[in-house]
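**Q** My structure is stored as protein_12.cif, with mmCIF, C-alpha atoms and all ligand atoms; chains and numbers go by the auth columns.
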data_entry
#
loop_
_atom_site.group_PDB
_atom_site.id
_atom_site.type_symbol
_atom_site.label_atom_id
_atom_site.label_comp_id
_atom_site.label_asym_id
_atom_site.label_seq_id
_atom_site.Cartn_x
_atom_site.Cartn_y
_atom_site.Cartn_z
_atom_site.B_iso_or_equiv
_atom_site.auth_seq_id
_atom_site.auth_asym_id
ATOM 1 C CA MET A 1 -244.375 -131.085 -32.326 0.00 3 A
ATOM 2 C CA LEU A 2 -244.188 -129.819 -28.762 0.00 4 A
ATOM 3 C CA ILE A 3 -242.960 -132.040 -25.951 0.00 5 A
ATOM 4 C CA SER A 4 -241.976 -131.957 -22.279 0.00 6 A
ATOM 5 C CA GLY A 5 -240.689 -135.475 -21.645 0.00 7 A
ATOM 6 C CA GLY A 6 -239.145 -138.522 -23.225 0.00 8 A
ATOM 7 C CA GLY A 7 -240.793 -138.008 -26.588 0.00 9 A
ATOM 8 C CA SER A 8 -241.791 -141.591 -27.377 0.00 10 A
ATOM 9 C CA ASN A 9 -244.782 -140.364 -29.382 0.00 11 A
ATOM 10 C CA LEU A 10 -242.533 -137.891 -31.162 0.00 12 A
ATOM 11 C CA ARG A 11 -240.129 -140.683 -32.040 0.00 13 A
ATOM 12 C CA ALA A 12 -242.920 -142.871 -33.370 0.00 14 A
ATOM 13 C CA LEU A 13 -244.101 -140.084 -35.662 0.00 15 A
ATOM 14 C CA LEU A 14 -240.547 -139.366 -36.821 0.00 16 A
ATOM 15 C CA GLU A 15 -240.193 -143.056 -37.702 0.00 17 A
ATOM 16 C CA ALA A 16 -243.529 -143.046 -39.549 0.00 18 A
ATOM 17 C CA CYS A 17 -242.344 -140.015 -41.540 0.00 19 A
ATOM 18 C CA ARG A 18 -239.366 -141.983 -42.840 0.00 20 A
ATOM 19 C CA ASP A 19 -241.804 -143.868 -45.055 0.00 21 A
ATOM 20 C CA ALA A 20 -241.965 -142.021 -48.364 0.00 22 A
ATOM 21 C CA GLU A 21 -245.664 -142.932 -48.572 0.00 23 A
ATOM 22 C CA TYR A 22 -246.467 -141.134 -45.312 0.00 24 A
ATOM 23 C CA PRO A 23 -248.007 -137.782 -46.261 0.00 25 A
ATOM 24 C CA ALA A 24 -246.609 -135.608 -43.448 0.00 26 A
ATOM 25 C CA HIS A 25 -243.252 -134.604 -42.066 0.00 27 A
ATOM 26 C CA VAL A 26 -242.051 -132.939 -38.885 0.00 28 A
ATOM 27 C CA VAL A 27 -240.582 -129.474 -39.509 0.00 29 A
ATOM 28 C CA ALA A 28 -239.466 -128.711 -35.943 0.00 30 A
ATOM 29 C CA VAL A 29 -239.700 -129.888 -32.332 0.00 31 A
ATOM 30 C CA GLY A 30 -240.159 -127.520 -29.411 0.00 32 A
ATOM 31 C CA ALA A 31 -240.088 -128.025 -25.652 0.00 33 A
ATOM 32 C CA ASP A 32 -240.901 -126.089 -22.493 0.00 34 A
ATOM 33 C CA ARG A 33 -237.806 -127.418 -20.719 0.00 35 A
ATOM 34 C CA ALA A 34 -234.620 -129.376 -21.443 0.00 36 A
ATOM 35 C CA ALA A 35 -236.693 -132.414 -22.416 0.00 37 A
ATOM 36 C CA ASP A 36 -234.974 -135.765 -22.992 0.00 38 A
ATOM 37 C CA GLY A 37 -237.071 -136.224 -26.114 0.00 39 A
ATOM 38 C CA LEU A 38 -235.205 -133.444 -27.920 0.00 40 A
ATOM 39 C CA ALA A 39 -232.513 -136.064 -28.512 0.00 41 A
ATOM 40 C CA HIS A 40 -234.876 -137.811 -30.954 0.00 42 A
ATOM 41 C CA ALA A 41 -235.138 -134.620 -32.990 0.00 43 A
ATOM 42 C CA GLU A 42 -231.367 -134.343 -33.101 0.00 44 A
ATOM 43 C CA GLU A 43 -230.999 -137.980 -34.132 0.00 45 A
ATOM 44 C CA PHE A 44 -233.454 -137.487 -37.003 0.00 46 A
ATOM 45 C CA GLY A 45 -231.880 -134.182 -38.047 0.00 47 A
ATOM 46 C CA ILE A 46 -234.973 -132.146 -37.160 0.00 48 A
ATOM 47 C CA PRO A 47 -234.423 -128.596 -35.833 0.00 49 A
ATOM 48 C CA SER A 48 -235.512 -127.999 -32.259 0.00 50 A
ATOM 49 C CA PHE A 49 -236.064 -125.109 -29.904 0.00 51 A
ATOM 50 C CA THR A 50 -236.715 -124.694 -26.196 0.00 52 A
ATOM 51 C CA VAL A 51 -238.823 -121.977 -24.592 0.00 53 A
ATOM 52 C CA PRO A 52 -238.305 -122.687 -20.869 0.00 54 A
ATOM 53 C CA PHE A 53 -241.463 -122.071 -18.885 0.00 55 A
ATOM 54 C CA SER A 54 -239.319 -121.271 -15.846 0.00 56 A
ATOM 55 C CA SER A 55 -237.701 -118.299 -17.614 0.00 57 A
ATOM 56 C CA PHE A 56 -240.929 -116.296 -17.802 0.00 58 A
ATOM 57 C CA ASP A 57 -242.902 -114.348 -15.214 0.00 59 A
ATOM 58 C CA SER A 58 -246.282 -115.475 -16.487 0.00 60 A
ATOM 59 C CA ARG A 59 -247.905 -118.244 -18.515 0.00 61 A
ATOM 60 C CA GLU A 60 -248.995 -115.609 -21.019 0.00 62 A
ATOM 61 C CA ALA A 61 -245.458 -114.296 -21.560 0.00 63 A
ATOM 62 C CA TRP A 62 -244.190 -117.855 -22.010 0.00 64 A
ATOM 63 C CA GLY A 63 -247.028 -118.637 -24.391 0.00 65 A
ATOM 64 C CA ASP A 64 -246.343 -115.578 -26.534 0.00 66 A
ATOM 65 C CA GLU A 65 -242.699 -116.578 -26.924 0.00 67 A
ATOM 66 C CA LEU A 66 -243.631 -120.186 -27.665 0.00 68 A
ATOM 67 C CA LEU A 67 -246.163 -119.060 -30.263 0.00 69 A
ATOM 68 C CA ALA A 68 -243.564 -116.865 -31.976 0.00 70 A
ATOM 69 C CA ALA A 69 -241.111 -119.783 -32.054 0.00 71 A
ATOM 70 C CA VAL A 70 -243.772 -122.114 -33.481 0.00 72 A
ATOM 71 C CA GLN A 71 -244.936 -119.649 -36.107 0.00 73 A
ATOM 72 C CA GLN A 72 -241.408 -119.217 -37.460 0.00 74 A
ATOM 73 C CA TRP A 73 -241.820 -122.704 -38.883 0.00 75 A
ATOM 74 C CA GLN A 74 -245.203 -121.971 -40.483 0.00 76 A
ATOM 75 C CA PRO A 75 -246.490 -125.446 -39.604 0.00 77 A
ATOM 76 C CA ASP A 76 -249.722 -126.770 -41.098 0.00 78 A
ATOM 77 C CA LEU A 77 -250.346 -128.605 -37.836 0.00 79 A
ATOM 78 C CA VAL A 78 -249.062 -128.352 -34.268 0.00 80 A
ATOM 79 C CA VAL A 79 -248.998 -131.573 -32.234 0.00 81 A
ATOM 80 C CA LEU A 80 -248.836 -131.439 -28.438 0.00 82 A
ATOM 81 C CA SER A 81 -247.146 -134.719 -27.734 0.00 83 A
ATOM 82 C CA GLY A 82 -246.685 -134.857 -23.998 0.00 84 A
ATOM 83 C CA LEU A 83 -246.410 -131.080 -23.575 0.00 85 A
ATOM 84 C CA MET A 84 -247.277 -130.892 -19.877 0.00 86 A
ATOM 85 C CA ARG A 85 -248.310 -127.217 -19.818 0.00 87 A
ATOM 86 C CA LEU A 86 -251.625 -125.593 -20.485 0.00 88 A
ATOM 87 C CA LEU A 87 -251.345 -123.221 -23.416 0.00 89 A
ATOM 88 C CA PRO A 88 -252.745 -119.730 -22.742 0.00 90 A
ATOM 89 C CA PRO A 89 -256.045 -119.091 -24.562 0.00 91 A
ATOM 90 C CA ARG A 90 -254.506 -116.643 -27.026 0.00 92 A
ATOM 91 C CA VAL A 91 -252.036 -119.296 -28.152 0.00 93 A
ATOM 92 C CA VAL A 92 -254.850 -121.801 -28.600 0.00 94 A
ATOM 93 C CA ASP A 93 -256.883 -119.203 -30.497 0.00 95 A
ATOM 94 C CA ALA A 94 -253.939 -118.487 -32.792 0.00 96 A
ATOM 95 C CA LEU A 95 -253.294 -122.145 -33.670 0.00 97 A
ATOM 96 C CA ALA A 96 -256.662 -123.923 -33.381 0.00 98 A
ATOM 97 C CA PRO A 97 -258.104 -125.959 -34.940 0.00 99 A
ATOM 98 C CA ARG A 98 -254.787 -127.063 -36.426 0.00 100 A
ATOM 99 C CA LEU A 99 -253.612 -127.916 -32.919 0.00 101 A
ATOM 100 C CA ILE A 100 -253.979 -131.454 -31.602 0.00 102 A
ATOM 101 C CA ASN A 101 -253.078 -133.265 -28.397 0.00 103 A
ATOM 102 C CA THR A 102 -252.500 -136.847 -27.369 0.00 104 A
ATOM 103 C CA HIS A 103 -253.888 -137.934 -24.008 0.00 105 A
ATOM 104 C CA PRO A 104 -253.456 -141.205 -22.089 0.00 106 A
ATOM 105 C CA ALA A 105 -257.123 -141.755 -21.215 0.00 107 A
ATOM 106 C CA TYR A 106 -260.456 -142.260 -22.932 0.00 108 A
ATOM 107 C CA LEU A 107 -261.674 -138.664 -22.879 0.00 109 A
ATOM 108 C CA PRO A 108 -263.807 -137.142 -21.480 0.00 110 A
ATOM 109 C CA GLU A 109 -262.797 -139.591 -18.747 0.00 111 A
ATOM 110 C CA PHE A 110 -259.721 -138.599 -16.733 0.00 112 A
ATOM 111 C CA PRO A 111 -258.593 -135.304 -18.288 0.00 113 A
ATOM 112 C CA GLY A 112 -255.604 -133.330 -17.027 0.00 114 A
ATOM 113 C CA ALA A 113 -251.987 -133.974 -16.156 0.00 115 A
ATOM 114 C CA HIS A 114 -252.515 -137.327 -14.408 0.00 116 A
ATOM 115 C CA GLY A 115 -254.842 -139.259 -16.668 0.00 117 A
ATOM 116 C CA VAL A 116 -253.232 -142.638 -15.996 0.00 118 A
ATOM 117 C CA ARG A 117 -252.944 -142.169 -12.221 0.00 119 A
ATOM 118 C CA ASP A 118 -256.528 -140.914 -12.003 0.00 120 A
ATOM 119 C CA ALA A 119 -257.900 -143.937 -13.888 0.00 121 A
ATOM 120 C CA LEU A 120 -256.100 -146.282 -11.492 0.00 122 A
ATOM 121 C CA ALA A 121 -257.224 -144.325 -8.436 0.00 123 A
ATOM 122 C CA ALA A 122 -260.826 -144.495 -9.652 0.00 124 A
ATOM 123 C CA GLY A 123 -260.606 -148.288 -9.902 0.00 125 A
ATOM 124 C CA ALA A 124 -261.576 -148.165 -13.577 0.00 126 A
ATOM 125 C CA ALA A 125 -261.665 -151.538 -15.357 0.00 127 A
ATOM 126 C CA GLN A 126 -260.625 -149.848 -18.574 0.00 128 A
ATOM 127 C CA THR A 127 -259.143 -146.579 -19.678 0.00 129 A
ATOM 128 C CA GLY A 128 -257.677 -145.690 -23.058 0.00 130 A
ATOM 129 C CA ALA A 129 -255.944 -143.226 -25.317 0.00 131 A
ATOM 130 C CA SER A 130 -257.302 -140.230 -27.192 0.00 132 A
ATOM 131 C CA VAL A 131 -256.218 -137.720 -29.808 0.00 133 A
ATOM 132 C CA ILE A 132 -258.187 -134.485 -29.692 0.00 134 A
ATOM 133 C CA VAL A 133 -258.303 -130.997 -31.138 0.00 135 A
ATOM 134 C CA VAL A 134 -257.118 -128.564 -28.478 0.00 136 A
ATOM 135 C CA ASP A 135 -259.541 -125.944 -27.262 0.00 137 A
ATOM 136 C CA THR A 136 -259.222 -123.551 -24.323 0.00 138 A
ATOM 137 C CA GLY A 137 -260.475 -126.143 -21.818 0.00 139 A
ATOM 138 C CA VAL A 138 -258.456 -128.937 -20.234 0.00 140 A
ATOM 139 C CA ASP A 139 -258.716 -131.871 -22.674 0.00 141 A
ATOM 140 C CA THR A 140 -262.240 -130.842 -23.703 0.00 142 A
ATOM 141 C CA GLY A 141 -261.786 -130.410 -27.458 0.00 143 A
ATOM 142 C CA PRO A 142 -263.337 -132.520 -30.223 0.00 144 A
ATOM 143 C CA ILE A 143 -262.172 -136.145 -30.202 0.00 145 A
ATOM 144 C CA LEU A 144 -260.444 -137.254 -33.426 0.00 146 A
ATOM 145 C CA ALA A 145 -259.624 -140.838 -32.411 0.00 147 A
ATOM 146 C CA GLN A 146 -259.691 -142.938 -29.289 0.00 148 A
ATOM 147 C CA GLU A 147 -259.348 -146.531 -28.216 0.00 149 A
ATOM 148 C CA ARG A 148 -259.905 -148.513 -25.048 0.00 150 A
ATOM 149 C CA VAL A 149 -257.100 -150.126 -23.014 0.00 151 A
ATOM 150 C CA ALA A 150 -257.881 -152.585 -20.217 0.00 152 A
ATOM 151 C CA VAL A 151 -256.642 -151.921 -16.687 0.00 153 A
ATOM 152 C CA LEU A 152 -255.072 -155.114 -15.297 0.00 154 A
ATOM 153 C CA PRO A 153 -255.320 -156.102 -11.620 0.00 155 A
ATOM 154 C CA ASP A 154 -251.591 -155.631 -10.916 0.00 156 A
ATOM 155 C CA ASP A 155 -251.173 -152.451 -12.918 0.00 157 A
ATOM 156 C CA THR A 156 -249.028 -149.615 -11.632 0.00 158 A
ATOM 157 C CA GLU A 157 -249.150 -146.146 -13.143 0.00 159 A
ATOM 158 C CA HIS A 158 -246.000 -147.043 -15.076 0.00 160 A
ATOM 159 C CA SER A 159 -247.161 -150.419 -16.397 0.00 161 A
ATOM 160 C CA LEU A 160 -250.537 -149.045 -17.444 0.00 162 A
ATOM 161 C CA HIS A 161 -248.975 -146.020 -19.131 0.00 163 A
ATOM 162 C CA GLU A 162 -246.546 -148.284 -20.999 0.00 164 A
ATOM 163 C CA ARG A 163 -249.527 -150.255 -22.405 0.00 165 A
ATOM 164 C CA ILE A 164 -251.396 -147.087 -23.324 0.00 166 A
ATOM 165 C CA LYS A 165 -248.477 -145.453 -25.124 0.00 167 A
ATOM 166 C CA PRO A 166 -248.303 -147.849 -28.098 0.00 168 A
ATOM 167 C CA VAL A 167 -252.023 -147.264 -28.650 0.00 169 A
ATOM 168 C CA GLU A 168 -251.489 -143.506 -28.466 0.00 170 A
ATOM 169 C CA ARG A 169 -248.685 -143.743 -31.009 0.00 171 A
ATOM 170 C CA ARG A 170 -250.815 -145.671 -33.463 0.00 172 A
ATOM 171 C CA LEU A 171 -253.716 -143.242 -33.079 0.00 173 A
ATOM 172 C CA LEU A 172 -251.423 -140.227 -33.487 0.00 174 A
ATOM 173 C CA ILE A 173 -249.801 -141.620 -36.643 0.00 175 A
ATOM 174 C CA ASP A 174 -253.253 -142.395 -38.104 0.00 176 A
ATOM 175 C CA VAL A 175 -254.688 -138.987 -37.207 0.00 177 A
ATOM 176 C CA VAL A 176 -251.734 -137.047 -38.615 0.00 178 A
ATOM 177 C CA ARG A 177 -251.981 -139.126 -41.793 0.00 179 A
ATOM 178 C CA GLY A 178 -255.693 -138.394 -42.005 0.00 180 A
ATOM 179 C CA ILE A 179 -255.195 -134.660 -41.515 0.00 181 A
ATOM 180 C CA ALA A 180 -252.434 -134.595 -44.119 0.00 182 A
ATOM 181 C CA ASP A 181 -254.393 -136.545 -46.740 0.00 183 A
ATOM 182 C CA GLY A 182 -257.599 -134.637 -46.063 0.00 184 A
ATOM 183 C CA SER A 183 -259.659 -137.561 -44.764 0.00 185 A
ATOM 184 C CA ILE A 184 -259.856 -135.833 -41.369 0.00 186 A
ATOM 185 C CA GLU A 185 -261.251 -132.289 -41.508 0.00 187 A
ATOM 186 C CA LEU A 186 -260.203 -129.895 -38.764 0.00 188 A
ATOM 187 C CA GLY A 187 -262.264 -126.940 -39.922 0.00 189 A
ATOM 188 C CA THR A 188 -261.355 -123.722 -41.622 0.00 190 A
ATOM 189 C CA ALA A 189 -260.319 -121.421 -38.781 0.00 191 A
ATOM 190 C CA SER A 190 -256.946 -119.673 -38.806 0.00 192 A
ATOM 191 C CA THR A 191 -253.793 -121.524 -39.738 0.00 193 A
ATOM 192 C CA PRO A 192 -250.532 -120.723 -37.984 0.00 194 A
HETATM 193 C C1 LIG B . -248.055 -139.385 -23.334 0.00 201 B
HETATM 194 O O1 LIG B . -248.691 -140.494 -22.769 0.00 201 B
HETATM 195 C C2 LIG B . -249.031 -138.240 -23.512 0.00 201 B
HETATM 196 O O2 LIG B . -250.298 -138.654 -23.858 0.00 201 B
HETATM 197 C C3 LIG B . -249.033 -137.651 -22.138 0.00 201 B
HETATM 198 O O3 LIG B . -247.685 -137.627 -21.791 0.00 201 B
HETATM 199 C C4 LIG B . -247.048 -138.770 -22.372 0.00 201 B
HETATM 200 C C5 LIG B . -245.804 -138.306 -23.068 0.00 201 B
HETATM 201 O O4 LIG B . -245.010 -139.382 -23.419 0.00 201 B
HETATM 202 N N1 LIG B . -249.640 -136.376 -22.139 0.00 201 B
HETATM 203 C C6 LIG B . -250.467 -135.966 -21.165 0.00 201 B
HETATM 204 O O5 LIG B . -250.720 -136.614 -20.179 0.00 201 B
HETATM 205 C C7 LIG B . -251.051 -134.588 -21.398 0.00 201 B
HETATM 206 N N2 LIG B . -252.093 -134.350 -20.461 0.00 201 B
HETATM 207 P P1 LIG B . -243.781 -139.209 -24.399 0.00 201 B
HETATM 208 O O6 LIG B . -243.007 -137.960 -23.966 0.00 201 B
HETATM 209 O O7 LIG B . -242.975 -140.443 -24.219 0.00 201 B
HETATM 210 O O8 LIG B . -244.322 -139.076 -25.802 0.00 201 B
#
Just give me the structure as C-alpha cells.
**A**
Amino acid sequence: MLISGGGSNLRALLEACRDAEYPAHVVAVGADRAADGLAHAEEFGIPSFTVPFSSFDSREAWGDELLAAVQQWQPDLVVLSGLMRLLPPRVVDALAPRLINTHPAYLPEFPGAHGVRDALAAGAAQTGASVIVVDTGVDTGPILAQERVAVLPDDTEHSLHERIKPVERRLLIDVVRGIADGSIELGTASTP
C-alpha cells in the first residue's frame, strides 16, 4: 500500500486483515514523504519504506526508485491509498492492472487531487467514493466499485471528506477481498 497522508484507509485494511477469514494481507507500506500514516504500519508490525519525492530531480527518477522499492516485496497487488502523486507512465505500465486507487468522488466526476473540494465548489447535491484500476490518465481507469454520498447543505471540505472516507474504506476492503478471492478479475497483464 502506498500513502501520503494519515492512512485511515490503510488502517482499515490492516484491521480487516486481522480477520483470519480475510483472504489478503499487507506485505509492506510505502510513502512519498514522512507520512503520518506510516505509524499504522509500525503499530501492526508491517515493514515500511519512504521514497521522498523531494529527494529526486524528476518525477521519473522518483518513480523508478519507488518501483524498485515496491518490487522488492513482490506484491500481488499495489494499492494507492491516498498517495497524492501521479505515478510516471512507466511505473503504471510495470504494475497495471494489479494497481488500484481509492478516490473520494464518484468518478468520472471530480478526478484529481481535490475531488472533495471540487464537488463542493460545483454545488453538487451528491458525490461519492470510487475504487479504480490505475491507468496512465488522472483517475480515468476502469471502475471496480463506487457508491454515492450525499452533500449536505452545511458541508465543509472536511465534513464531507469525513463522510466519504468510511464509504471508501468499505469499498476498498470489498475490492481487495474480491481481487484476492478471484471474484474480481483485473486482467492478465504483467504482475509486479
Ligand atoms: C482518501 O480520501 C483518498 O481517497 C484520497 O486521499 C484520502 C487519503 O486518506 N486520495 C485522493 O484524493 C487521490 N486523488 P487517508 O490517508 O486517511 O487514507
**Q** Can you tell me, as a list in words, which residues sit within 8 Å of (-236.4, -143.3, -26.1) in the file's frame, using all atoms listed in the file?
**A**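 Residues lying no farther than 8 Å from the given point: Gly8, Gly9, Ser10, Arg13, Gly39 and His42 of chain A.
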**Q** Taking all listed atoms of ligand LIG 201 (chain B), build the axis-aligned box, pad each of the six sides by 4 Å, then write its centre and edge lengths in Å to one decimal as AutoDock Vina command-line options.
**A**
--center_x -247.5 --center_y -137.4 --center_z -23.0 --size_x 17.1 --size_y 14.1 --size_z 13.6
**Q** Got a sec to resolve the PyMOL selection byres (((not hetatm)) within 8 of (chain B and resi 201)) on this structure and send the residues as an MDAnalysis selection string?
**A** chainID A and resid 5:13 39 83:86 103:107 113:118 131:132 141 163 166:167 170
**Q** Got a sec: who's within 8 Å of range 45-61 of chain A, counting only C-alpha atoms, leaving out chain neighbours fewer than 4 positions off, as a list in words?
**A**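 Counting only the stated atoms, we get Leu16, Val28, Val29, Ala30, Val31, Gly32, Ala33, Asp34, Arg35, Ala36, Leu40, Ala41, Gly65, Glu67, Leu68, Ala71, Leu89 and Pro90 of chain A.
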**Q** Using all atoms listed in the file, find the one residue out of A:Val169, A:Val177, A:Val94, A:Leu146 that sits nearest to Gly130 in chain A.
**A**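 The answer is A:Val169, which sits nearest to Gly130 in chain A.
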**Q** Between A:Pro77, A:Gly189, A:Gly184, A:Pro91, which residue has the minimum interatomic distance to Pro25 in chain A, considering only C-alpha atoms?
**A**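 Ranked by minimum distance to Pro25 in chain A, first place goes to A:Gly184.
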**Q** Starting from the displayed file, determine the output of the PyMOL selection byres (((chain A and resi 155-158) around 10) and not hetatm) and express the residue list as a PyMOL selection string.
**A** chain A and resi 118-119+122+125+127+152-154+159-165
**Q** Given the choices A:Leu88, A:Ala182, A:Ala63, A:Ile102, which gets closest to Val140 in chain A if the distance is worked out from all atoms listed in the file?
**A** A:Leu88
**Q** Restricting the calculation to only C-alpha atoms: of A:Met3, A:Ala43, A:Leu174, A:Leu82, which residue gets closest to Val133 in chain A?
**A** A:Leu174
**Q** Can you measure CA of Asp78 in chain A to CA of Leu101 in chain A for me? One decimal in Å is fine.
**A**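 Computing the Euclidean distance for CA of Asp78 in chain A and CA of Leu101 in chain A yields 9.1 Å.
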**Q** What does the distance from CA of Ala14 in chain A to CA of Arg171 in chain A come to in Å, to one decimal?
**A**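 Value for the CA of Ala14 in chain A-CA of Arg171 in chain A distance: 6.3 Å.
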**Q** What does the distance from CA of Thr129 in chain A to CA of Leu79 in chain A come to in Å, to one decimal?
**A**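 Interatomic distance, CA of Thr129 in chain A to CA of Leu79 in chain A: 27.0 Å.
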